[in-house]
Structures are given as structure tokens and as C-alpha cells.
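work-v9.cif follows; it contains mmCIF, C-alpha atoms and all ligand atoms; chains and numbers go by the auth columns.
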```
data_coords
loop_
_atom_site.group_PDB
_atom_site.id
_atom_site.type_symbol
_atom_site.label_atom_id
_atom_site.label_comp_id
_atom_site.label_asym_id
_atom_site.label_seq_id
_atom_site.Cartn_x
_atom_site.Cartn_y
_atom_site.Cartn_z
_atom_site.B_iso_or_equiv
_atom_site.auth_seq_id
_atom_site.auth_asym_id
ATOM 1 C CA MET A 1 5.281 104.703 -80.313 0.00 185 A
ATOM 2 C CA ASN A 2 7.388 101.652 -81.170 0.00 186 A
ATOM 3 C CA PRO A 3 6.969 101.076 -84.925 0.00 187 A
ATOM 4 C CA SER A 4 7.554 97.316 -84.682 0.00 188 A
ATOM 5 C CA ALA A 5 5.103 94.495 -85.223 0.00 189 A
ATOM 6 C CA MET A 6 5.212 90.829 -84.267 0.00 190 A
ATOM 7 C CA TYR A 7 3.969 87.863 -86.261 0.00 191 A
ATOM 8 C CA ALA A 8 3.832 84.726 -84.124 0.00 192 A
ATOM 9 C CA GLY A 9 3.193 81.179 -85.147 0.00 193 A
ATOM 10 C CA THR A 10 4.497 77.646 -85.186 0.00 194 A
ATOM 11 C CA PHE A 11 6.075 77.779 -88.655 0.00 195 A
ATOM 12 C CA ASP A 12 6.531 73.992 -88.889 0.00 196 A
ATOM 13 C CA PRO A 13 7.903 74.734 -91.442 0.00 197 A
ATOM 14 C CA ILE A 14 7.461 78.235 -92.832 0.00 198 A
ATOM 15 C CA THR A 15 5.527 78.166 -96.150 0.00 199 A
ATOM 16 C CA LEU A 16 5.368 80.515 -99.127 0.00 200 A
ATOM 17 C CA GLY A 17 2.030 81.671 -97.723 0.00 201 A
ATOM 18 C CA HIS A 18 3.784 82.788 -94.543 0.00 202 A
ATOM 19 C CA VAL A 19 6.566 84.426 -96.582 0.00 203 A
ATOM 20 C CA ASP A 20 3.952 86.306 -98.619 0.00 204 A
ATOM 21 C CA LEU A 21 2.284 87.593 -95.456 0.00 205 A
ATOM 22 C CA ILE A 22 5.612 88.466 -93.836 0.00 206 A
ATOM 23 C CA SER A 23 6.686 90.409 -96.945 0.00 207 A
ATOM 24 C CA ARG A 24 3.454 92.417 -96.796 0.00 208 A
ATOM 25 C CA ALA A 25 3.874 93.165 -93.088 0.00 209 A
ATOM 26 C CA ALA A 26 7.567 94.021 -93.555 0.00 210 A
ATOM 27 C CA GLY A 27 6.490 96.517 -96.213 0.00 211 A
ATOM 28 C CA ILE A 28 4.254 98.302 -93.698 0.00 212 A
ATOM 29 C CA PHE A 29 6.317 98.199 -90.494 0.00 213 A
ATOM 30 C CA PRO A 30 9.963 99.326 -90.236 0.00 214 A
ATOM 31 C CA ARG A 31 10.683 96.250 -88.109 0.00 215 A
ATOM 32 C CA LEU A 32 8.904 92.913 -87.972 0.00 216 A
ATOM 33 C CA ILE A 33 9.676 90.242 -85.394 0.00 217 A
ATOM 34 C CA LEU A 34 8.790 86.707 -86.409 0.00 218 A
ATOM 35 C CA ALA A 35 8.145 84.963 -83.088 0.00 219 A
ATOM 36 C CA VAL A 36 8.391 81.182 -83.350 0.00 220 A
ATOM 37 C CA ALA A 37 6.503 79.340 -80.597 0.00 221 A
ATOM 38 C CA ARG A 38 8.781 77.008 -78.649 0.00 222 A
ATOM 39 C CA HIS A 39 5.875 74.985 -77.255 0.00 223 A
ATOM 40 C CA PRO A 40 2.883 75.360 -79.596 0.00 224 A
ATOM 41 C CA PRO A 41 -0.306 73.496 -78.707 0.00 225 A
ATOM 42 C CA LYS A 42 0.452 70.892 -81.395 0.00 226 A
ATOM 43 C CA ARG A 43 3.221 68.370 -82.060 0.00 227 A
ATOM 44 C CA THR A 44 5.885 69.555 -84.427 0.00 228 A
ATOM 45 C CA LEU A 45 8.048 67.869 -87.030 0.00 229 A
ATOM 46 C CA PHE A 46 10.904 70.321 -86.432 0.00 230 A
ATOM 47 C CA ASP A 47 12.149 71.511 -83.043 0.00 231 A
ATOM 48 C CA VAL A 48 12.163 75.221 -82.366 0.00 232 A
ATOM 49 C CA ASP A 49 15.826 75.743 -83.292 0.00 233 A
ATOM 50 C CA GLU A 50 15.217 74.087 -86.646 0.00 234 A
ATOM 51 C CA ARG A 51 12.052 76.110 -87.287 0.00 235 A
ATOM 52 C CA VAL A 52 13.922 79.330 -86.441 0.00 236 A
ATOM 53 C CA ALA A 53 16.898 78.406 -88.660 0.00 237 A
ATOM 54 C CA ILE A 54 14.663 77.520 -91.628 0.00 238 A
ATOM 55 C CA ALA A 55 12.697 80.777 -91.260 0.00 239 A
ATOM 56 C CA ARG A 56 15.906 82.851 -90.960 0.00 240 A
ATOM 57 C CA GLU A 57 17.257 81.369 -94.165 0.00 241 A
ATOM 58 C CA ALA A 58 13.942 81.818 -95.965 0.00 242 A
ATOM 59 C CA LEU A 59 13.663 85.463 -94.880 0.00 243 A
ATOM 60 C CA ALA A 60 17.298 86.506 -95.348 0.00 244 A
ATOM 61 C CA HIS A 61 16.220 88.775 -98.221 0.00 245 A
ATOM 62 C CA LEU A 62 14.074 90.872 -95.838 0.00 246 A
ATOM 63 C CA PRO A 63 16.529 92.938 -93.753 0.00 247 A
ATOM 64 C CA ASN A 64 13.882 94.381 -91.415 0.00 248 A
ATOM 65 C CA VAL A 65 12.616 90.955 -90.303 0.00 249 A
ATOM 66 C CA GLU A 66 14.068 89.318 -87.173 0.00 250 A
ATOM 67 C CA VAL A 67 13.339 85.715 -86.304 0.00 251 A
ATOM 68 C CA GLU A 68 13.382 84.558 -82.701 0.00 252 A
ATOM 69 C CA PRO A 69 11.856 81.825 -80.515 0.00 253 A
ATOM 70 C CA PHE A 70 9.405 82.670 -77.769 0.00 254 A
ATOM 71 C CA ASP A 71 7.990 80.962 -74.681 0.00 255 A
ATOM 72 C CA GLY A 72 4.861 81.596 -72.673 0.00 256 A
ATOM 73 C CA LEU A 73 2.154 84.098 -73.466 0.00 257 A
ATOM 74 C CA LEU A 74 2.506 85.912 -76.765 0.00 258 A
ATOM 75 C CA VAL A 75 1.317 89.249 -75.373 0.00 259 A
ATOM 76 C CA GLU A 76 3.925 89.057 -72.594 0.00 260 A
ATOM 77 C CA HIS A 77 6.625 88.409 -75.155 0.00 261 A
ATOM 78 C CA ALA A 78 5.369 91.326 -77.266 0.00 262 A
ATOM 79 C CA ARG A 79 5.449 93.595 -74.204 0.00 263 A
ATOM 80 C CA ARG A 80 8.979 92.499 -73.318 0.00 264 A
ATOM 81 C CA ARG A 81 10.020 93.452 -76.857 0.00 265 A
ATOM 82 C CA GLY A 82 8.104 96.732 -76.734 0.00 266 A
ATOM 83 C CA VAL A 83 5.724 95.682 -79.519 0.00 267 A
ATOM 84 C CA ARG A 84 2.089 96.871 -79.607 0.00 268 A
ATOM 85 C CA VAL A 85 0.913 95.293 -82.880 0.00 269 A
ATOM 86 C CA LEU A 86 0.416 91.574 -83.531 0.00 270 A
ATOM 87 C CA VAL A 87 0.057 90.601 -87.169 0.00 271 A
ATOM 88 C CA ARG A 88 -1.980 87.567 -88.212 0.00 272 A
ATOM 89 C CA GLY A 89 -3.049 86.210 -91.562 0.00 273 A
ATOM 90 C CA LEU A 90 -6.599 85.483 -92.677 0.00 274 A
ATOM 91 C CA ARG A 91 -6.532 83.067 -95.578 0.00 275 A
ATOM 92 C CA ALA A 92 -10.174 82.091 -95.762 0.00 276 A
ATOM 93 C CA PHE A 93 -13.403 82.375 -93.839 0.00 277 A
ATOM 94 C CA SER A 94 -12.485 79.150 -92.027 0.00 278 A
ATOM 95 C CA ASP A 95 -9.574 80.935 -90.305 0.00 279 A
ATOM 96 C CA PHE A 96 -11.865 83.561 -88.863 0.00 280 A
ATOM 97 C CA GLU A 97 -13.328 81.837 -85.812 0.00 281 A
ATOM 98 C CA PHE A 98 -9.959 80.737 -84.412 0.00 282 A
ATOM 99 C CA GLU A 99 -8.354 84.095 -85.183 0.00 283 A
ATOM 100 C CA PHE A 100 -11.290 86.027 -83.699 0.00 284 A
ATOM 101 C CA GLN A 101 -11.059 84.012 -80.478 0.00 285 A
ATOM 102 C CA MET A 102 -7.293 84.456 -80.259 0.00 286 A
ATOM 103 C CA ALA A 103 -7.393 88.196 -81.011 0.00 287 A
ATOM 104 C CA LEU A 104 -10.100 88.861 -78.416 0.00 288 A
ATOM 105 C CA THR A 105 -8.329 86.706 -75.816 0.00 289 A
ATOM 106 C CA ASN A 106 -5.103 88.584 -76.416 0.00 290 A
ATOM 107 C CA ARG A 107 -6.977 91.909 -76.187 0.00 291 A
ATOM 108 C CA LYS A 108 -8.478 90.873 -72.849 0.00 292 A
ATOM 109 C CA LEU A 109 -5.021 89.887 -71.576 0.00 293 A
ATOM 110 C CA ALA A 110 -3.373 93.018 -72.964 0.00 294 A
ATOM 111 C CA PRO A 111 -5.740 95.858 -73.976 0.00 295 A
ATOM 112 C CA ASP A 112 -2.746 97.948 -75.072 0.00 296 A
ATOM 113 C CA ILE A 113 -1.863 95.472 -77.840 0.00 297 A
ATOM 114 C CA GLU A 114 -3.765 95.365 -81.133 0.00 298 A
ATOM 115 C CA THR A 115 -4.087 92.501 -83.606 0.00 299 A
ATOM 116 C CA LEU A 116 -3.884 93.460 -87.266 0.00 300 A
ATOM 117 C CA PHE A 117 -5.080 91.046 -89.956 0.00 301 A
ATOM 118 C CA LEU A 118 -3.590 90.860 -93.418 0.00 302 A
ATOM 119 C CA MET A 119 -4.639 88.681 -96.330 0.00 303 A
ATOM 120 C CA PRO A 120 -2.006 86.599 -98.103 0.00 304 A
ATOM 121 C CA SER A 121 -2.112 86.316 -101.881 0.00 305 A
ATOM 122 C CA GLU A 122 -4.988 84.090 -103.031 0.00 306 A
ATOM 123 C CA GLU A 123 -2.329 81.923 -104.689 0.00 307 A
ATOM 124 C CA PHE A 124 -1.410 80.687 -101.205 0.00 308 A
ATOM 125 C CA SER A 125 -4.811 80.782 -99.550 0.00 309 A
ATOM 126 C CA TYR A 126 -5.058 76.986 -99.339 0.00 310 A
ATOM 127 C CA VAL A 127 -1.470 76.275 -98.240 0.00 311 A
ATOM 128 C CA SER A 128 -0.787 75.107 -94.682 0.00 312 A
ATOM 129 C CA SER A 129 2.248 73.662 -92.946 0.00 313 A
ATOM 130 C CA SER A 130 0.460 70.411 -92.110 0.00 314 A
ATOM 131 C CA THR A 131 -0.460 69.781 -95.763 0.00 315 A
ATOM 132 C CA VAL A 132 3.135 70.416 -96.767 0.00 316 A
ATOM 133 C CA ARG A 133 4.442 68.063 -94.058 0.00 317 A
ATOM 134 C CA GLN A 134 2.009 65.380 -95.128 0.00 318 A
ATOM 135 C CA ILE A 135 3.000 65.625 -98.798 0.00 319 A
ATOM 136 C CA ALA A 136 6.696 65.403 -97.886 0.00 320 A
ATOM 137 C CA GLU A 137 6.141 62.496 -95.484 0.00 321 A
ATOM 138 C CA LEU A 138 4.311 60.584 -98.212 0.00 322 A
ATOM 139 C CA GLY A 139 7.109 61.159 -100.714 0.00 323 A
ATOM 140 C CA GLY A 140 5.348 63.855 -102.763 0.00 324 A
ATOM 141 C CA ASP A 141 6.740 67.064 -104.169 0.00 325 A
ATOM 142 C CA ALA A 142 5.868 70.102 -102.021 0.00 326 A
ATOM 143 C CA GLN A 143 8.524 72.377 -103.512 0.00 327 A
ATOM 144 C CA SER A 144 6.001 74.811 -104.926 0.00 328 A
ATOM 145 C CA PHE A 145 4.546 75.501 -101.446 0.00 329 A
ATOM 146 C CA VAL A 146 7.647 76.242 -99.401 0.00 330 A
ATOM 147 C CA PRO A 147 10.890 78.230 -99.637 0.00 331 A
ATOM 148 C CA PRO A 148 13.982 76.206 -100.687 0.00 332 A
ATOM 149 C CA ALA A 149 15.329 76.119 -97.104 0.00 333 A
ATOM 150 C CA ALA A 150 12.117 74.486 -95.871 0.00 334 A
ATOM 151 C CA TRP A 151 12.038 71.993 -98.729 0.00 335 A
ATOM 152 C CA ALA A 152 15.647 70.953 -98.081 0.00 336 A
ATOM 153 C CA ALA A 153 14.890 70.493 -94.374 0.00 337 A
ATOM 154 C CA LEU A 154 11.727 68.505 -95.129 0.00 338 A
ATOM 155 C CA GLN A 155 13.640 66.198 -97.457 0.00 339 A
ATOM 156 C CA ARG A 156 16.384 65.629 -94.879 0.00 340 A
ATOM 157 C CA ARG A 157 13.871 64.969 -92.109 0.00 341 A
ATOM 158 C CA THR A 158 11.615 62.636 -94.076 0.00 342 A
ATOM 159 C CA ALA A 159 14.656 60.717 -95.363 0.00 343 A
ATOM 160 C CA SER A 160 15.984 60.259 -91.823 0.00 344 A
ATOM 161 C CA LEU A 161 12.569 59.281 -90.440 0.00 345 A
ATOM 162 C CA GLY A 162 12.204 56.786 -93.272 0.00 346 A
ATOM 163 C CA SER A 163 15.598 55.251 -92.626 0.00 347 A
ATOM 164 C CA THR A 164 15.220 54.947 -88.834 0.00 348 A
ATOM 165 C CA GLY A 165 11.529 54.126 -88.833 0.00 349 A
ATOM 166 C CA GLU A 166 11.124 56.552 -85.926 0.00 350 A
ATOM 167 C CA GLY A 167 8.170 58.863 -85.369 0.00 351 A
ATOM 168 C CA ARG A 168 8.239 62.626 -85.340 0.00 352 A
ATOM 169 C CA SER A 169 10.739 64.592 -83.399 0.00 353 A
ATOM 170 C CA ASP A 170 8.895 66.664 -80.856 0.00 354 A
ATOM 171 C CA ALA A 171 9.959 69.929 -79.330 0.00 355 A
ATOM 172 C CA HIS A 172 8.021 69.220 -76.117 0.00 356 A
HETATM 173 N N1 LIG B . 0.161 80.885 -95.244 0.00 401 A
HETATM 174 C C1 LIG B . 0.226 79.570 -95.087 0.00 401 A
HETATM 175 N N2 LIG B . -0.206 78.951 -93.993 0.00 401 A
HETATM 176 C C2 LIG B . -0.695 79.691 -93.011 0.00 401 A
HETATM 177 C C3 LIG B . -0.779 81.069 -93.100 0.00 401 A
HETATM 178 C C4 LIG B . -0.330 81.672 -94.291 0.00 401 A
HETATM 179 N N3 LIG B . -0.368 82.984 -94.479 0.00 401 A
HETATM 180 N N4 LIG B . -1.321 81.530 -91.978 0.00 401 A
HETATM 181 C C5 LIG B . -1.568 80.461 -91.199 0.00 401 A
HETATM 182 N N5 LIG B . -1.189 79.352 -91.843 0.00 401 A
HETATM 183 C C6 LIG B . -1.358 77.978 -91.375 0.00 401 A
HETATM 184 C C7 LIG B . -0.141 77.429 -90.725 0.00 401 A
HETATM 185 O O1 LIG B . 0.667 76.780 -91.669 0.00 401 A
HETATM 186 C C8 LIG B . -0.742 76.467 -89.747 0.00 401 A
HETATM 187 O O2 LIG B . -1.079 75.300 -90.421 0.00 401 A
HETATM 188 P P1 LIG B . -1.078 73.879 -89.728 0.00 401 A
HETATM 189 O O3 LIG B . -1.881 73.984 -88.461 0.00 401 A
HETATM 190 O O4 LIG B . -1.683 73.057 -90.770 0.00 401 A
HETATM 191 O O5 LIG B . 0.336 73.522 -89.446 0.00 401 A
HETATM 192 C C9 LIG B . -2.044 77.147 -89.335 0.00 401 A
HETATM 193 O O6 LIG B . -2.380 77.982 -90.393 0.00 401 A
HETATM 194 C C10 LIG B . -1.941 78.036 -88.136 0.00 401 A
HETATM 195 O O7 LIG B . -0.608 78.236 -87.849 0.00 401 A
HETATM 196 P P2 LIG B . 0.127 79.538 -87.402 0.00 401 A
HETATM 197 O O8 LIG B . -0.285 80.732 -88.151 0.00 401 A
HETATM 198 O O9 LIG B . 1.578 79.201 -87.361 0.00 401 A
HETATM 199 O O10 LIG B . -0.433 79.770 -86.001 0.00 401 A
HETATM 200 P P3 LIG B . -0.479 78.780 -84.885 0.00 401 A
HETATM 201 O O11 LIG B . -1.915 78.531 -84.673 0.00 401 A
HETATM 202 O O12 LIG B . 0.376 77.598 -85.073 0.00 401 A
HETATM 203 O O13 LIG B . 0.180 79.662 -83.762 0.00 401 A
HETATM 204 C C11 LIG B . 0.298 80.822 -81.725 0.00 401 A
HETATM 205 C C12 LIG B . -0.558 80.050 -82.712 0.00 401 A
HETATM 206 C C13 LIG B . 1.644 80.167 -81.480 0.00 401 A
HETATM 207 C C14 LIG B . 0.481 82.221 -82.241 0.00 401 A
HETATM 208 C C15 LIG B . -0.564 80.838 -80.438 0.00 401 A
HETATM 209 O O14 LIG B . -0.803 79.496 -80.055 0.00 401 A
HETATM 210 C C16 LIG B . 0.093 81.559 -79.311 0.00 401 A
HETATM 211 O O15 LIG B . 0.089 82.765 -79.285 0.00 401 A
HETATM 212 N N6 LIG B . 0.664 80.809 -78.367 0.00 401 A
HETATM 213 C C17 LIG B . 1.315 81.397 -77.196 0.00 401 A
HETATM 214 C C18 LIG B . 0.462 81.193 -75.959 0.00 401 A
HETATM 215 C C19 LIG B . -0.561 82.285 -75.836 0.00 401 A
HETATM 216 O O16 LIG B . -0.257 83.448 -75.787 0.00 401 A
HETATM 217 N N7 LIG B . -1.837 81.859 -75.758 0.00 401 A
HETATM 218 C C20 LIG B . -2.933 82.769 -75.661 0.00 401 A
HETATM 219 C C21 LIG B . -3.339 83.283 -77.028 0.00 401 A
HETATM 220 S S1 LIG B . -4.959 82.788 -77.433 0.00 401 A
#
```
Kindly return the structure encoded in the file as C-alpha cells.
Amino acid sequence: MNPSAMYAGTFDPITLGHVDLISRAAGIFPRLILAVARHPPKRTLFDVDERVAIAREALAHLPNVEVEPFDGLLVEHARRRGVRVLVRGLRAFSDFEFEFQMALTNRKLAPDIETLFLMPSEEFSYVSSSTVRQIAELGGDAQSFVPPAAWAALQRRTASLGSTGEGRSDAH
């Protein structure tokens, strides 16, 4: 059996909560693929190449983690990569309904693929990418929520949005 796992998400940008979960998964599986959705069902601040680059820099200390973009159905991408385990994080009870629906949908689409849930450290249980983006966009300090690569990218992006007056860049 392929000993790899895949953790998919938007990672707009990757947070310390994600890094915590990824570190836990990378400690269990010999190889972890971080699959960054090219076209997630929500608008993004960073395009997919930026989200991949930020995550790669943030995870450079984890040699068994590979970061790559993906298109289309997650289970199809996992199959193409020979992966049978999808990792997801459960931060709080409020995550459960969405995660339950997604895991059962993925199981229906691909009964050979299992979803495995891990809990991030409680220190990060309230962190989300949208909160971090909002703090940065409003000029606040979100450094304690994200890896340095993400904070640098957020500062560059919010400075350039502020100077041009433009809206968000969108990967779609
Ligand atoms: N620490 C910090 N934040 C976390 C977290 C953790 N451990 N786990 C989740 N989050 C946050 C994210 O920051 C994000 O916050 P935001 O919405 O405020 O930005 C939110 O929880 C969920 O994001 P994420 O975990 O990245 O998942 P997602 O919902 O963006 O990704 C996909 C969903 C991409 C995996 C899913 O849409 C997908 O598989 N798409 C492909 C199409 C497909 O196969 N569809 C059928 C499946 S149902």
C-alpha cells in the first residue's frame, strides 16, 4: 500500500494552524502531499502559484512534505498520485458538519480513499486564513498566526492593494 497521505485546502495563506496539522501528519506518514486548490469555491487573495510558493517556503523544514497545485476533484487527484488517505483538520465542533459532508461525499465518489481527521494544537484552534487576511487588510499585526513567509506576502499584497486602490486578485 502507498504510504502517502494528501492534505488539500485553499491555504490563502497557510497559517500556523495548518503548519501544526501538517507537522503532525508528516510525523505519521512517510510522505505528505499538500494539495493546493487552484479553483477553490471561494475568492482568494493570492493566486495558486503564490499560495504554493508561500506554503513551500513555510514547510521547507519538513523534508517529507511536497506542495503542489491541483485542479478538479480531490479524489481524482489523489488517485492520480496513488494516495489512499486524505488528511483533514478538525479545530472545533463547528468544523464538523462541513468536514462530515465532504468526507462522506469523497467516500461516495471514491470508496477506496479514506479521510483521516487530526486535531491541531488548541493554541491554533481559532485561527483561520480569512481572519488573518482581514487583520492584514485592516493594517493589524497577524504575525503570530502565520509563518514568516505568509506574513511577508500579506504585507506586500496589502501594501500594493492599498497603493493601487484595487480589489483582490482572484485566481479564477
Ligand atoms: N488551522 C488553521 N486554519 C484552518 C485549519 C487549521 N488546522 N484547518 C482549516 N482551517 C481554516 C482555513 O484557514 C480556512 O479558513 P477560511 O475559510 O477562513 O479561509 C477554512 O478553515 C477551511 O479551509 P481549508 O482547510 O483550506 O479547506 P477548504 O475548505 O478551503 O478546502 C477543498 C476545501 C479545496 C479541500 C475542497 O473544496 C475540495 O476538495 N475541492 C476540490 C473539488 C472536490 O473534490 N469537491 C468535492 C469534495 S466535497
Specify as a list in words each residue included when the PyMOL selection byres (((chain A and resi 219) around 9) and not hetatm) is applied to this file.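 So the PyMOL selection byres (((chain A and resi 219) around 9) and not hetatm) ends up selecting Met190, Tyr191, Ala192, Gly193, Thr194, Ile217, Leu218, Val220, Ala221, Val236, Glu250, Val251, Glu252, Pro253, Phe254, Leu258 and His261 of chain A.
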Using only C-alpha atoms and all ligand atoms, find each protein or nucleic acid residue lying at most 6 Å from ligand LIG 401 (chain A); present the set as a list in words.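 Taking only C-alpha atoms and all ligand atoms into account, the residues around ligand LIG 401 (chain A) at most 6 Å away are Ala192, Gly193, Thr194, Phe195, Thr199, Gly201, His202, Leu205, Ala221, Pro224, Gly256, Leu257, Leu258, Gly273, Met286, Thr289, Asn290, Pro304, Val311, Ser312, Ser313 and Ser314 of chain A.
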Write out the residues from the selection above, keeping C-alpha atoms, as a PDB file, in the coordinates of the input.
```pdb
ATOM      1  CA  ALA A 192       3.832  84.726 -84.124  1.00  0.00           C
ATOM      2  CA  GLY A 193       3.193  81.179 -85.147  1.00  0.00           C
ATOM      3  CA  THR A 194       4.497  77.646 -85.186  1.00  0.00           C
ATOM      4  CA  PHE A 195       6.075  77.779 -88.655  1.00  0.00           C
ATOM      5  CA  THR A 199       5.527  78.166 -96.150  1.00  0.00           C
ATOM      6  CA  GLY A 201       2.030  81.671 -97.723  1.00  0.00           C
ATOM      7  CA  HIS A 202       3.784  82.788 -94.543  1.00  0.00           C
ATOM      8  CA  LEU A 205       2.284  87.593 -95.456  1.00  0.00           C
ATOM      9  CA  ALA A 221       6.503  79.340 -80.597  1.00  0.00           C
ATOM     10  CA  PRO A 224       2.883  75.360 -79.596  1.00  0.00           C
ATOM     11  CA  GLY A 256       4.861  81.596 -72.673  1.00  0.00           C
ATOM     12  CA  LEU A 257       2.154  84.098 -73.466  1.00  0.00           C
ATOM     13  CA  LEU A 258       2.506  85.912 -76.765  1.00  0.00           C
ATOM     14  CA  GLY A 273      -3.049  86.210 -91.562  1.00  0.00           C
ATOM     15  CA  MET A 286      -7.293  84.456 -80.259  1.00  0.00           C
ATOM     16  CA  THR A 289      -8.329  86.706 -75.816  1.00  0.00           C
ATOM     17  CA  ASN A 290      -5.103  88.584 -76.416  1.00  0.00           C
ATOM     18  CA  PRO A 304      -2.006  86.599 -98.103  1.00  0.00           C
ATOM     19  CA  VAL A 311      -1.470  76.275 -98.240  1.00  0.00           C
ATOM     20  CA  SER A 312      -0.787  75.107 -94.682  1.00  0.00           C
ATOM     21  CA  SER A 313       2.248  73.662 -92.946  1.00  0.00           C
ATOM     22  CA  SER A 314       0.460  70.411 -92.110  1.00  0.00           C
TER      23      SER A 314
END
```
When distances are computed from only C-alpha atoms, which of A:Gln339, A:Gln285, A:Ser188, A:Thr228 shows the smallest separation from Leu322 in chain A?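 Of A:Gln339, A:Gln285, A:Ser188, A:Thr228, the one nearest Leu322 in chain A is A:Gln339, counting only C-alpha atoms.
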Set the distance at 10 Å and use only C-alpha atoms: which residues neighbour Leu243 in chain A once local chain neighbours fewer than 5 positions away are removed? I'd like the list as a ChimeraX atom specification. /A:198,203,206-207,218,237-238,248-251,331,333
Residues just named, written with C-alpha atoms as a short mmCIF file (atom, residue, chain, number, x, y, z; two decimals), in the coordinates of the input:
```
data_model
loop_
_atom_site.label_atom_id
_atom_site.label_comp_id
_atom_site.auth_asym_id
_atom_site.auth_seq_id
_atom_site.Cartn_x
_atom_site.Cartn_y
_atom_site.Cartn_z
CA ILE A 198 7.46 78.24 -92.83
CA VAL A 203 6.57 84.43 -96.58
CA ILE A 206 5.61 88.47 -93.84
CA SER A 207 6.69 90.41 -96.94
CA LEU A 218 8.79 86.71 -86.41
CA ALA A 237 16.90 78.41 -88.66
CA ILE A 238 14.66 77.52 -91.63
CA ASN A 248 13.88 94.38 -91.42
CA VAL A 249 12.62 90.96 -90.30
CA GLU A 250 14.07 89.32 -87.17
CA VAL A 251 13.34 85.72 -86.30
CA PRO A 331 10.89 78.23 -99.64
CA ALA A 333 15.33 76.12 -97.10
#
```
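Neighbours of Ile297 in chain A closer than or equal to 9 Å, with all atoms listed in the file counted and sequence neighbours fewer than 2 positions away skipped, come out as Val259, Ala262, Arg263, Val267, Arg268, Val269, Leu270, Asn290, Arg291, Leu293, Ala294, Pro295 and Thr299 of chain A.
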Rounded to one decimal place, report the CA of Arg340 in chain A-CA of His245 in chain A distance in Å.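 Straight-line distance from CA of Arg340 in chain A to CA of His245 in chain A works out to 23.4 Å.
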What separation in Å, quoted to one decimal, exists between CA of Leu200 in chain A and CA of Ser328 in chain A? 8.2 Å
Which one of A:Gly346, A:Phe284, A:Leu338, A:Arg265 sits closest to Ala326 in chain A if you count all atoms listed in the file?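 For Ala326 in chain A, the nearest of the given residues is A:Leu338.
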Please determine, counting all atoms listed in the file, which residue among A:Asp233, A:Asp204, A:Asp196, A:Glu321 has the shortest atom-to-atom distance to Met303 in chain A.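 Among the listed residues, the smallest separation from Met303 in chain A belongs to A:Asp204.
Computed from the coordinates, the CA of Leu300 in chain A to CA of Phe213 in chain A distance equals 11.7 Å.
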Looking at A:Ala189, A:Phe230, A:Val271, A:Val330, which one is nearest to Thr342 in chain A, with distances taken over all atoms listed in the file? A:Phe230
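In terms of minimum interatomic distance to Arg240 in chain A, A:Ala334 ranks closest within A:Ala334, A:Leu274, A:Ala343, A:Ala210, counting only C-alpha atoms.
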Using all atoms listed in the file, pick whichever of A:Ala287, A:Ala276, A:Gly324, A:Lys292 has the shortest atom-to-atom distance to Glu306 in chain A. A:Ala276
Could you model N, CA and C atoms for range 196-211 of chain A and present them as a compact mmCIF listing (two decimals), in the frame of the given file?
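Result file rebuild-v6.txt:
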```
# COMPACT_ATOMS: atom_id res chain seq x y z
N ASP A 196 6.01 75.37 -88.92
CA ASP A 196 6.53 73.99 -88.89
C ASP A 196 6.30 73.26 -90.21
N PRO A 197 6.95 73.63 -91.30
CA PRO A 197 7.90 74.73 -91.44
C PRO A 197 7.21 75.95 -92.04
N ILE A 198 7.96 77.03 -92.17
CA ILE A 198 7.46 78.24 -92.83
C ILE A 198 7.10 77.89 -94.28
N THR A 199 5.97 78.43 -94.77
CA THR A 199 5.53 78.17 -96.15
C THR A 199 5.62 79.45 -96.97
N LEU A 200 5.38 79.31 -98.27
CA LEU A 200 5.37 80.52 -99.13
C LEU A 200 4.19 81.43 -98.77
N GLY A 201 3.15 80.85 -98.20
CA GLY A 201 2.03 81.67 -97.72
C GLY A 201 2.47 82.56 -96.58
N HIS A 202 3.24 81.97 -95.64
CA HIS A 202 3.78 82.79 -94.54
C HIS A 202 4.71 83.87 -95.11
N VAL A 203 5.59 83.46 -96.04
CA VAL A 203 6.57 84.43 -96.58
C VAL A 203 5.83 85.59 -97.26
N ASP A 204 4.74 85.26 -97.96
CA ASP A 204 3.95 86.31 -98.62
C ASP A 204 3.41 87.29 -97.57
N LEU A 205 2.86 86.73 -96.50
CA LEU A 205 2.28 87.59 -95.46
C LEU A 205 3.37 88.42 -94.77
N ILE A 206 4.50 87.78 -94.50
CA ILE A 206 5.61 88.47 -93.84
C ILE A 206 6.12 89.61 -94.73
N SER A 207 6.23 89.36 -96.02
CA SER A 207 6.69 90.41 -96.94
C SER A 207 5.73 91.60 -96.91
N ARG A 208 4.43 91.31 -96.86
CA ARG A 208 3.45 92.42 -96.80
C ARG A 208 3.62 93.21 -95.49
N ALA A 209 3.74 92.48 -94.39
CA ALA A 209 3.87 93.16 -93.09
C ALA A 209 5.19 93.94 -93.02
N ALA A 210 6.25 93.36 -93.59
CA ALA A 210 7.57 94.02 -93.56
C ALA A 210 7.58 95.26 -94.45
N GLY A 211 6.62 95.33 -95.37
CA GLY A 211 6.49 96.52 -96.21
C GLY A 211 5.72 97.64 -95.51
```
